[in-house]
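Working notes, beginning with the structure itself.
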Amino acid sequence: MTISACMYPALVLMLIVSLYSVYVVNNLLPQVVAVESDDHNEFYEPSAEELWIVLSVFHFLLGMLLLCFTLACVQSPGYIPLDHEEDQQRWMHGLIGRRLSSNDETKMRNIISDPNTDLKDPAIIQFLRAMGIVERKRRFGYHRHCSTCSLYKPDRTHHCRVCKRCILRMDHHCPWIANCVGFNNYKTFLLLLIYTILTTTFMIGSMMRRVLYVFRRANSTDFQSYSFFVEDIPVLIVFGTCIFITVAFSMFLSFHIKDPFIQHRFRVAHIKFDKGKWENFLHVFGSWYLWVLPIRNTKEDGTYVDYWGEMKGANAIASKDGKIHDSKDTSDNDEYIKDAEGEKLFS
């Protein structure tokens, strides 16, 4: 990681420290003092139980936010596996593509390149779910190949120009964590967003009494400009910043892609990967006792080949009755691949 890449995470940490300092010094500490003081102030005097709940919940949320942020920065997003001979055959030499008959390959290319394909057809649905790889290039529906990494790409894998590597299940490159969001740290990143929204929302709610006190004191006869600018203005700035962060992160989570072809490719891939809302949630967050923790408990490697049954459907053909049959006609595979090398069929 270069020095320039570390600037954005450093800025995030500086922002967290700044918000935390003002929130604690200008908001929480006066309440702690008020609880133990005989000087009663309706805006600074919560009950001791309320104060302890605020302190506990806030520091738990902040601790989880910092933990998720650290892990999102340092965790590997997931790279194309090349540890075993079988992996090298798949991703260096295109073994998955070579297992397909020409009929299967042509059918897959037609599906991915034609936005008008009926994706509700039971035969097509069953065919896609049996394929080892469904994502293809846009123009001709060929297998995706990274010329930089010299590797064939599994589904949901994309090359990151910043990281200079192909990332499994790449979501995007986030400069604020100086890392890609991919298969390995996807849950961690989602929890980072969730804990950020929860923390800032909690700060907004718990600072409301303090903010009201700012405006009340500003209109009182004992107004002191020094206290207002040193103690009150920072509170207003932090309060406004928390509102901005909450709104901005909520808008980020609601982002949608508009391009029609991208939407079509997403729908094609969605057929293969979609297992229903609940199963999709469990696929990312794991068992219920791990939902709030940045721990991924899956045996998948991120290529979606073994897990989705590559060997079950690698040589499958969908017949007109909608059933999947093992293809016996693979004699033309070698010739098909040989002819395609010059055309970069798997590129």
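Ligands are numbered from 1 in the order shown, residues from 1 within each chain, and chains are lettered A, B, ... in the order they appear in the structure tokens.
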
Any idea what's packed within 9 Å of region 81-88 of chain A, counting only C-alpha atoms, ignoring anything in its chain fewer than 6 positions away? Could you give it as an NGL selection string?
-> :A and (94-95 or 301-303)

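Atom to atom, CA of Glu36 (chain A) and CA of Ala48 (chain A) stand 8.9 Å apart.
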
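Between CA of Phe273 (chain A) and CA of Arg129 (chain A) there is a distance of 7.9 Å.
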
Pick from A:Gly78, A:Gln89, A:Leu128, A:Ser206: nearest to Leu151 (chain A), with only C-alpha atoms counted?
-> A:Gln89

Would you list, as a PyMOL selection string, the residues of region 89-243 of chain A that end up in strand (DSSP E or B) under DSSP run on this structure's backbone?
-> chain A and resi 136+143+145-146+151-152+158-160+165-167+172-174+179-181

Selection to disk with C-alpha atoms, as a short mmCIF file (atom, residue, chain, number, x, y, z; two decimals), in the first residue's frame:
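Listed below is the output, out_34.cif:
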data_model
loop_
_atom_site.label_atom_id
_atom_site.label_comp_id
_atom_site.auth_asym_id
_atom_site.auth_seq_id
_atom_site.Cartn_x
_atom_site.Cartn_y
_atom_site.Cartn_z
CA ARG A 136 -19.45 -13.46 -20.57
CA HIS A 143 -15.49 -16.12 -21.86
CA HIS A 145 -10.16 -13.18 -19.92
CA CYS A 146 -7.95 -10.65 -18.14
CA LEU A 151 -6.27 -15.41 -16.23
CA TYR A 152 -9.80 -16.43 -17.12
CA HIS A 158 -13.38 -8.12 -12.25
CA HIS A 159 -9.95 -6.57 -12.64
CA CYS A 160 -9.16 -3.61 -10.39
CA ARG A 165 -5.34 -7.72 -9.69
CA CYS A 166 -8.55 -9.59 -10.47
CA ILE A 167 -10.90 -9.51 -7.48
CA HIS A 172 -15.97 -1.76 -6.11
CA HIS A 173 -12.65 -0.26 -5.09
CA CYS A 174 -13.14 1.94 -2.04
CA ASN A 179 -8.88 -1.68 -0.64
CA CYS A 180 -11.27 -3.47 -2.94
CA VAL A 181 -14.58 -4.79 -1.65
#

Identify, on the basis of only C-alpha atoms, every residue whose closest approach to region 50-63 of chain A does not exceed 10 Å; exclude the query and any residue fewer than 5 positions from it along the same chain; express the result as a PyMOL selection string.
-> chain A and resi 16+20+24+28+31-32+35+45+68-69+194-200+202-203+206

Please return as an MDAnalysis selection string: the residues of region 62-174 of chain A that backbone DSSP assigns to helix (DSSP H, G or I).
-> chainID A and resid 62:74 85:91 95:98 102:113 122:129

Minimum-distance residue to Gly132 (chain A), chosen among A:Val305, A:Val247, A:Ala178, A:Val230 (using only C-alpha atoms) | A:Val305

Between A:Leu192, A:Ile204, A:Leu19, A:Ile112, which has the minimum distance to Leu67 (chain A) (counting only C-alpha atoms)?
->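 Closest candidate: A:Leu192.
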
Separating CA of Arg161 (chain A) from CA of His93 (chain A), to the nearest tenth of an Å, is a gap of 22.7 Å

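Nearest residue to Ile295 (chain A), choosing from A:Ser4, A:Asn185, A:Thr117, A:Ser47 and counting only C-alpha atoms: A:Asn185.
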
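Counting only C-alpha atoms and comparing A:Phe239, A:Tyr186, A:Tyr289, A:Phe229, the residue that lies closest to Leu212 (chain A) is A:Phe239.
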